[in-house]
$ cat data26.pdb   # PDB, C-alpha atoms
ATOM      1  CA  MET Z1454      55.835 -37.754 -83.182
ATOM      2  CA  ARG Z1455      55.881 -41.484 -82.334
ATOM      3  CA  ARG Z1456      56.024 -40.602 -78.624
ATOM      4  CA  PHE Z1457      53.116 -38.171 -78.948
ATOM      5  CA  LEU Z1458      50.924 -40.693 -80.767
ATOM      6  CA  ALA Z1459      51.699 -43.456 -78.266
ATOM      7  CA  VAL Z1460      50.749 -41.309 -75.274
ATOM      8  CA  LEU Z1461      47.696 -39.885 -77.076
ATOM      9  CA  THR Z1462      46.390 -43.413 -77.720
ATOM     10  CA  ILE Z1463      46.758 -44.325 -74.058
ATOM     11  CA  VAL Z1464      45.067 -41.127 -72.884
ATOM     12  CA  ALA Z1465      42.160 -41.628 -75.272
ATOM     13  CA  ALA Z1466      41.610 -45.219 -74.190
ATOM     14  CA  THR Z1467      41.789 -44.192 -70.545
ATOM     15  CA  LEU Z1468      39.112 -41.564 -71.052
ATOM     16  CA  ILE Z1469      36.834 -44.006 -72.873
ATOM     17  CA  GLY Z1470      36.580 -46.103 -69.754
ATOM     18  CA  ILE Z1471      38.349 -48.328 -67.276
ATOM     19  CA  PRO Z1472      38.017 -51.204 -66.605
ATOM     20  CA  GLY Z1473      38.320 -52.473 -70.142
ATOM     21  CA  GLN Z1474      40.331 -54.704 -72.400
ATOM     22  CA  ALA Z1475      44.072 -54.398 -72.723
ATOM     23  CA  LEU Z1476      45.213 -51.694 -75.081
ATOM     24  CA  GLY Z1477      47.752 -54.147 -76.431
ATOM     25  CA  TYR Z1478      51.377 -55.054 -76.036
ATOM     26  CA  PRO Z1479      54.188 -52.690 -77.025
ATOM     27  CA  PRO Z1480      54.013 -50.937 -80.386
ATOM     28  CA  ALA Z1481      54.522 -53.438 -83.188
ATOM     29  CA  PRO Z1482      58.155 -53.870 -84.235
ATOM     30  CA  PRO Z1483      59.234 -53.217 -87.810
ATOM     31  CA  SER Z1484      58.484 -55.916 -90.371
ATOM     32  CA  VAL Z1485      60.656 -59.003 -90.550
ATOM     33  CA  SER Z1486      62.450 -57.716 -93.646
ATOM     34  CA  GLU Z1487      63.089 -54.311 -92.080
ATOM     35  CA  SER Z1488      64.283 -55.976 -88.879
ATOM     36  CA  TYR Z1489      66.842 -57.917 -90.899
ATOM     37  CA  ASN Z1490      68.005 -54.634 -92.469
ATOM     38  CA  GLN Z1491      68.315 -53.035 -89.042
ATOM     39  CA  LEU Z1492      70.152 -56.058 -87.661
ATOM     40  CA  ALA Z1493      72.672 -55.989 -90.486
ATOM     41  CA  ALA Z1494      73.339 -52.315 -89.769
ATOM     42  CA  LEU Z1495      73.983 -52.725 -86.031
ATOM     43  CA  ARG Z1496      77.515 -51.827 -85.038
ATOM     44  CA  VAL Z1497      79.518 -54.622 -83.412
ATOM     45  CA  ALA Z1498      81.753 -53.586 -80.531
ATOM     46  CA  ALA Z1499      83.147 -54.932 -77.289
ATOM     47  CA  PRO Z1500      81.117 -53.987 -74.203
ATOM     48  CA  LEU Z1501      82.097 -50.806 -72.408
ATOM     49  CA  SER Z1502      83.060 -50.978 -68.747
ATOM     50  CA  MET Z1503      80.405 -50.673 -66.049
ATOM     51  CA  ASP Z1504      82.409 -47.981 -64.249
ATOM     52  CA  GLY Z1505      80.037 -45.261 -63.062
ATOM     53  CA  TYR Z1506      76.885 -47.255 -63.759
ATOM     54  CA  SER Z1507      73.807 -46.853 -61.586
ATOM     55  CA  ARG Z1508      70.114 -47.250 -62.328
ATOM     56  CA  ASP Z1509      69.804 -43.723 -60.968
ATOM     57  CA  ARG Z1510      71.646 -42.573 -64.094
ATOM     58  CA  PHE Z1511      68.523 -43.670 -66.022
ATOM     59  CA  PRO Z1512      65.726 -41.745 -64.258
ATOM     60  CA  HIS Z1513      62.648 -43.873 -64.921
ATOM     61  CA  TRP Z1514      58.942 -44.095 -64.231
ATOM     62  CA  THR Z1515      58.565 -40.409 -64.987
ATOM     63  CA  THR Z1516      55.130 -38.787 -65.298
ATOM     64  CA  GLN Z1517      53.491 -39.386 -68.668
ATOM     65  CA  TYR Z1518      50.162 -37.583 -68.156
ATOM     66  CA  GLY Z1519      48.057 -36.553 -65.184
ATOM     67  CA  THR Z1520      49.120 -38.645 -62.209
ATOM     68  CA  CYS Z1521      50.200 -41.609 -64.381
ATOM     69  CA  ASN Z1522      53.853 -42.537 -64.541
ATOM     70  CA  THR Z1523      55.475 -44.772 -67.132
ATOM     71  CA  ARG Z1524      55.065 -47.969 -65.110
ATOM     72  CA  GLU Z1525      51.358 -47.310 -64.583
ATOM     73  CA  VAL Z1526      50.861 -46.535 -68.271
ATOM     74  CA  VAL Z1527      52.438 -49.870 -69.247
ATOM     75  CA  LEU Z1528      50.364 -51.737 -66.647
ATOM     76  CA  GLN Z1529      47.211 -50.276 -68.196
ATOM     77  CA  ARG Z1530      48.375 -50.896 -71.750
ATOM     78  CA  ASP Z1531      49.461 -54.501 -71.246
ATOM     79  CA  GLY Z1532      46.734 -55.616 -68.834
ATOM     80  CA  SER Z1533      43.170 -56.820 -69.262
ATOM     81  CA  ASN Z1534      40.206 -55.253 -67.435
ATOM     82  CA  VAL Z1535      42.498 -52.906 -65.534
ATOM     83  CA  ALA Z1536      40.894 -50.541 -63.023
ATOM     84  CA  VAL Z1537      42.926 -47.758 -61.443
ATOM     85  CA  ASP Z1538      42.498 -45.534 -58.413
ATOM     86  CA  SER Z1539      42.658 -41.748 -58.320
ATOM     87  CA  SER Z1540      46.463 -41.841 -58.306
ATOM     88  CA  CYS Z1541      46.512 -44.052 -61.444
ATOM     89  CA  TYR Z1542      47.665 -47.182 -59.602
ATOM     90  CA  PRO Z1543      45.953 -50.385 -60.842
ATOM     91  CA  ILE Z1544      43.684 -51.829 -58.176
ATOM     92  CA  SER Z1545      42.485 -54.770 -60.250
ATOM     93  CA  GLY Z1546      43.154 -56.475 -63.552
ATOM     94  CA  SER Z1547      45.172 -59.334 -65.003
ATOM     95  CA  TRP Z1548      48.401 -59.495 -66.923
ATOM     96  CA  TYR Z1549      49.721 -62.179 -69.277
ATOM     97  CA  SER Z1550      53.486 -62.569 -69.194
ATOM     98  CA  VAL Z1551      54.483 -63.541 -72.726
ATOM     99  CA  TYR Z1552      57.994 -64.460 -71.614
ATOM    100  CA  ASP Z1553      56.830 -67.512 -69.657
ATOM    101  CA  ARG Z1554      53.109 -67.787 -70.520
ATOM    102  CA  ILE Z1555      51.656 -67.190 -67.074
ATOM    103  CA  TRP Z1556      48.828 -64.956 -65.842
ATOM    104  CA  LEU Z1557      49.263 -62.493 -62.979
ATOM    105  CA  SER Z1558      46.379 -61.015 -61.023
ATOM    106  CA  ARG Z1559      48.082 -58.374 -58.869
ATOM    107  CA  ALA Z1560      49.909 -55.327 -60.183
ATOM    108  CA  SER Z1561      52.481 -55.721 -57.421
ATOM    109  CA  ASP Z1562      53.505 -59.068 -58.951
ATOM    110  CA  VAL Z1563      54.124 -57.515 -62.371
ATOM    111  CA  HIS Z1564      57.527 -56.246 -63.435
ATOM    112  CA  ILE Z1565      57.983 -53.782 -66.282
ATOM    113  CA  ASP Z1566      60.913 -55.140 -68.234
ATOM    114  CA  HIS Z1567      63.286 -52.924 -70.152
ATOM    115  CA  VAL Z1568      63.763 -55.245 -73.135
ATOM    116  CA  VAL Z1569      67.244 -53.816 -73.612
ATOM    117  CA  ALA Z1570      68.246 -53.643 -69.971
ATOM    118  CA  LEU Z1571      69.606 -50.377 -68.625
ATOM    119  CA  ALA Z1572      72.947 -51.961 -67.740
ATOM    120  CA  ASN Z1573      73.187 -53.478 -71.214
ATOM    121  CA  ALA Z1574      72.448 -50.095 -72.752
ATOM    122  CA  TRP Z1575      75.192 -48.564 -70.602
ATOM    123  CA  ARG Z1576      77.707 -51.102 -71.914
ATOM    124  CA  SER Z1577      76.441 -50.540 -75.457
ATOM    125  CA  GLY Z1578      76.954 -46.801 -75.572
ATOM    126  CA  ALA Z1579      74.557 -45.122 -73.127
ATOM    127  CA  LYS Z1580      77.521 -44.647 -70.798
ATOM    128  CA  TYR Z1581      78.344 -41.553 -72.838
ATOM    129  CA  TRP Z1582      74.809 -40.118 -72.934
ATOM    130  CA  THR Z1583      73.412 -37.345 -70.771
ATOM    131  CA  ASP Z1584      71.128 -38.333 -67.911
ATOM    132  CA  SER Z1585      68.285 -36.674 -69.822
ATOM    133  CA  LYS Z1586      68.800 -38.940 -72.816
ATOM    134  CA  ARG Z1587      69.113 -41.968 -70.555
ATOM    135  CA  SER Z1588      65.794 -41.014 -68.948
ATOM    136  CA  ALA Z1589      64.145 -40.839 -72.372
ATOM    137  CA  PHE Z1590      65.494 -44.313 -73.093
ATOM    138  CA  ALA Z1591      64.290 -45.728 -69.770
ATOM    139  CA  ASN Z1592      60.760 -44.381 -70.372
ATOM    140  CA  ASP Z1593      60.518 -45.144 -74.105
ATOM    141  CA  LEU Z1594      56.895 -45.972 -74.984
ATOM    142  CA  ASN Z1595      57.378 -45.523 -78.718
ATOM    143  CA  ARG Z1596      59.132 -48.849 -79.296
ATOM    144  CA  GLY Z1597      58.922 -52.325 -77.792
ATOM    145  CA  GLN Z1598      61.314 -51.362 -75.013
ATOM    146  CA  LEU Z1599      58.856 -51.752 -72.112
ATOM    147  CA  ILE Z1600      56.609 -54.738 -71.423
ATOM    148  CA  ALA Z1601      54.738 -56.111 -68.426
ATOM    149  CA  VAL Z1602      56.050 -59.559 -67.461
ATOM    150  CA  SER Z1603      56.351 -61.843 -64.467
ATOM    151  CA  ALA Z1604      58.830 -61.004 -61.751
ATOM    152  CA  SER Z1605      60.461 -64.415 -62.098
ATOM    153  CA  SER Z1606      61.159 -64.038 -65.826
ATOM    154  CA  ASN Z1607      62.425 -60.496 -65.428
ATOM    155  CA  THR Z1608      64.695 -61.495 -62.558
ATOM    156  CA  SER Z1609      66.106 -64.472 -64.449
ATOM    157  CA  LYS Z1610      66.839 -62.236 -67.428
ATOM    158  CA  GLY Z1611      68.651 -59.534 -65.469
ATOM    159  CA  ASP Z1612      70.821 -57.486 -67.832
ATOM    160  CA  GLN Z1613      71.662 -60.357 -70.171
ATOM    161  CA  ASP Z1614      71.516 -60.076 -73.950
ATOM    162  CA  PRO Z1615      69.918 -62.684 -76.285
ATOM    163  CA  SER Z1616      73.141 -64.701 -76.449
ATOM    164  CA  GLN Z1617      72.807 -65.246 -72.698
ATOM    165  CA  TRP Z1618      69.044 -65.302 -72.072
ATOM    166  CA  ARG Z1619      65.885 -65.836 -74.094
ATOM    167  CA  PRO Z1620      62.237 -66.097 -73.023
ATOM    168  CA  SER Z1621      61.182 -69.665 -72.291
ATOM    169  CA  ASN Z1622      58.242 -69.031 -74.627
ATOM    170  CA  THR Z1623      59.826 -69.714 -78.027
ATOM    171  CA  GLY Z1624      56.687 -68.352 -79.678
ATOM    172  CA  TRP Z1625      57.801 -64.887 -78.562
ATOM    173  CA  TRP Z1626      61.361 -65.166 -79.872
ATOM    174  CA  CYS Z1627      60.639 -63.508 -83.212
ATOM    175  CA  TYR Z1628      58.984 -60.510 -81.551
ATOM    176  CA  TYR Z1629      61.578 -60.320 -78.799
ATOM    177  CA  ALA Z1630      64.408 -60.225 -81.346
ATOM    178  CA  ARG Z1631      62.666 -57.635 -83.503
ATOM    179  CA  HIS Z1632      61.925 -55.393 -80.517
ATOM    180  CA  TRP Z1633      65.529 -55.739 -79.291
ATOM    181  CA  ILE Z1634      66.908 -54.933 -82.744
ATOM    182  CA  ASP Z1635      64.593 -51.932 -83.175
ATOM    183  CA  VAL Z1636      65.571 -50.451 -79.818
ATOM    184  CA  LYS Z1637      69.287 -50.880 -80.428
ATOM    185  CA  TYR Z1638      69.007 -49.543 -83.979
ATOM    186  CA  ASP Z1639      66.919 -46.474 -83.151
ATOM    187  CA  TRP Z1640      69.024 -45.586 -80.115
ATOM    188  CA  GLN Z1641      72.278 -46.313 -82.000
ATOM    189  CA  LEU Z1642      73.525 -48.821 -79.443
ATOM    190  CA  ALA Z1643      76.184 -51.384 -80.264
ATOM    191  CA  VAL Z1644      75.922 -55.164 -80.060
ATOM    192  CA  THR Z1645      78.510 -57.830 -79.352
ATOM    193  CA  SER Z1646      79.306 -60.398 -82.034
ATOM    194  CA  SER Z1647      77.654 -63.184 -79.999
ATOM    195  CA  GLU Z1648      74.606 -61.005 -79.419
ATOM    196  CA  LYS Z1649      74.252 -60.316 -83.143
ATOM    197  CA  SER Z1650      74.546 -64.020 -83.969
ATOM    198  CA  ALA Z1651      71.899 -64.855 -81.382
ATOM    199  CA  LEU Z1652      69.549 -62.272 -82.873
ATOM    200  CA  TYR Z1653      69.942 -63.819 -86.325
ATOM    201  CA  ASP Z1654      69.146 -67.181 -84.782
ATOM    202  CA  MET Z1655      66.001 -65.859 -83.083
ATOM    203  CA  MET Z1656      64.894 -64.155 -86.292
ATOM    204  CA  GLY Z1657      64.802 -67.638 -87.788
ATOM    205  CA  TYR Z1658      61.641 -68.209 -85.717
ATOM    206  CA  CYS Z1659      59.755 -65.512 -87.602
TER     207      CYS Z1659
END
$ encode --input "data26.pdb" --output "structure tokens"
Amino acid sequence: MRRFLAVLTIVAATLIGIPGQALGYPPAPPSVSESYNQLAALRVAAPLSMDGYSRDRFPHWTTQYGTCNTREVVLQRDGSNVAVDSSCYPISGSWYSVYDRIWLSRASDVHIDHVVALANAWRSGAKYWTDSKRSAFANDLNRGQLIAVSASSNTSKGDQDPSQWRPSNTGWWCYYARHWIDVKYDWQLAVTSSEKSALYDMMGYC
């Protein structure tokens, strides 16, 4: 149901008219109190091996509606005054990268970050999923798993968890932690002890 409502909102806004204002950033995370409850419930475990890992095991940027794939949907959702061509690719607009507080004016300069990186998910339990479930994870629009950010911030993050990397914008730490927690909780992924401690620390900024 959450997936249906998320896509329905995007379709409706697209039909109303483009260009227009950004539809907004990812779906709001749970409340601070609920995030703490989720965080406490996360299972702590050592990372699994990366044996067998490939991004191809997480088929992503699948079609969401019409000719629009997941990346294009996020670009429309997270951008301002976004105009698209007949194939749904943004031809104009601007994007604010909350990780490092910079504006981007070309879609080609925008990366769509998997908040919980695919490699991290693999180490946290996705190694044992089917490719179909991994695809659902990689295209998850129902939670704060996907967000448009600068290429530089996404590259610097790589597949690191919050004990290893945090956005330079401390004002986003509370949201980043809550989105991370929500994704790991809903997808029943494990965390390391250092990762869990770092998330508690970031929640202190809420």
$ atom_distance --input "data26.pdb" --atom1 "atom CA of His1632 of chain Z" --atom2 "atom CA of Asn1607 of chain Z"
15.9 Å
$ residues_around --input "data26.pdb" --residues "segment 1517-1529 of chain Z" --least-positions-apart "4" --cutoff "9 Å" --atoms "only C-alpha atoms" --output "MDAnalysis selection string"
chainID Z and resid 1460 1463:1464 1467 1475:1476 1478:1479 1513 1533:1537 1539:1543 1546 1548 1560 1563:1565 1592:1594 1599:1601
$ write_last_selection --input "data26.pdb" --atoms "C-alpha atoms" --output "CSV table (one decimal), in the coordinates of the input"
chain,number,residue,atom,x,y,z
Z,1460,VAL,CA,50.7,-41.3,-75.3
Z,1463,ILE,CA,46.8,-44.3,-74.1
Z,1464,VAL,CA,45.1,-41.1,-72.9
Z,1467,THR,CA,41.8,-44.2,-70.5
Z,1475,ALA,CA,44.1,-54.4,-72.7
Z,1476,LEU,CA,45.2,-51.7,-75.1
Z,1478,TYR,CA,51.4,-55.1,-76.0
Z,1479,PRO,CA,54.2,-52.7,-77.0
Z,1513,HIS,CA,62.6,-43.9,-64.9
Z,1533,SER,CA,43.2,-56.8,-69.3
Z,1534,ASN,CA,40.2,-55.3,-67.4
Z,1535,VAL,CA,42.5,-52.9,-65.5
Z,1536,ALA,CA,40.9,-50.5,-63.0
Z,1537,VAL,CA,42.9,-47.8,-61.4
Z,1539,SER,CA,42.7,-41.7,-58.3
Z,1540,SER,CA,46.5,-41.8,-58.3
Z,1541,CYS,CA,46.5,-44.1,-61.4
Z,1542,TYR,CA,47.7,-47.2,-59.6
Z,1543,PRO,CA,46.0,-50.4,-60.8
Z,1546,GLY,CA,43.2,-56.5,-63.6
Z,1548,TRP,CA,48.4,-59.5,-66.9
Z,1560,ALA,CA,49.9,-55.3,-60.2
Z,1563,VAL,CA,54.1,-57.5,-62.4
Z,1564,HIS,CA,57.5,-56.2,-63.4
Z,1565,ILE,CA,58.0,-53.8,-66.3
Z,1592,ASN,CA,60.8,-44.4,-70.4
Z,1593,ASP,CA,60.5,-45.1,-74.1
Z,1594,LEU,CA,56.9,-46.0,-75.0
Z,1599,LEU,CA,58.9,-51.8,-72.1
Z,1600,ILE,CA,56.6,-54.7,-71.4
Z,1601,ALA,CA,54.7,-56.1,-68.4
$ resolve_selection --input "data26.pdb" --expression "the PyMOL selection byres ((chain Z and resi 1613) around 12)" --output "list in words"
His1567, Val1568, Val1569, Ala1570, Leu1571, Ala1572, Asn1573, Ala1574, Arg1576, Ser1606, Asn1607, Thr1608, Ser1609, Lys1610, Gly1611, Asp1612, Asp1614, Pro1615, Ser1616, Gln1617, Trp1618, Arg1619, Pro1620, Trp1633, Val1644, Thr1645, Ser1647 and Glu1648 of chain Z
$ atom_distance --input "data26.pdb" --atom1 "atom CA of Gly1657 of chain Z" --atom2 "atom CA of Tyr1628 of chain Z"
11.1 Å
$ residues_around --input "data26.pdb" --residues "Ser1577 of chain Z" --least-positions-apart "6" --cutoff "6 Å" --atoms "all atoms listed in the file" --output "PyMOL selection string"
chain Z and resi 1500+1642-1643
$ axis_aligned_box --input "data26.pdb" --around "segment 1577-1584 of chain Z" --padding-each-side "8 Å" --output "JSON"
{"center_x": 74.7, "center_y": -43.9, "center_z": -71.7, "size_x": 23.2, "size_y": 29.2, "size_z": 23.7}
$ atom_distance --input "data26.pdb" --atom1 "atom CA of Asp1538 of chain Z" --atom2 "atom CA of Ser1558 of chain Z"
16.2 Å
$ resolve_selection --input "data26.pdb" --expression "the PyMOL selection byres ((chain Z and resi 1624) around 12)" --output "ChimeraX atom specification"
/Z:1551-1554,1619-1623,1625-1630,1655-1659
$ closest_residue --input "data26.pdb" --among "Z:Ser1603, Z:Ser1588, Z:Ser1488, Z:Ser1650" --to "Leu1557 of chain Z" --atoms "all atoms listed in the file"
Z:Ser1603
$ resolve_selection --input "data26.pdb" --expression "the PyMOL selection byres ((chain Z and resi 1585) around 12)" --output "PyMOL selection string"
chain Z and resi 1509-1513+1515+1579+1581-1584+1586-1592
$ closest_residue --input "data26.pdb" --among "Z:Lys1637, Z:Arg1508, Z:Arg1559, Z:Arg1631" --to "Tyr1489 of chain Z" --atoms "only C-alpha atoms"
Z:Arg1631
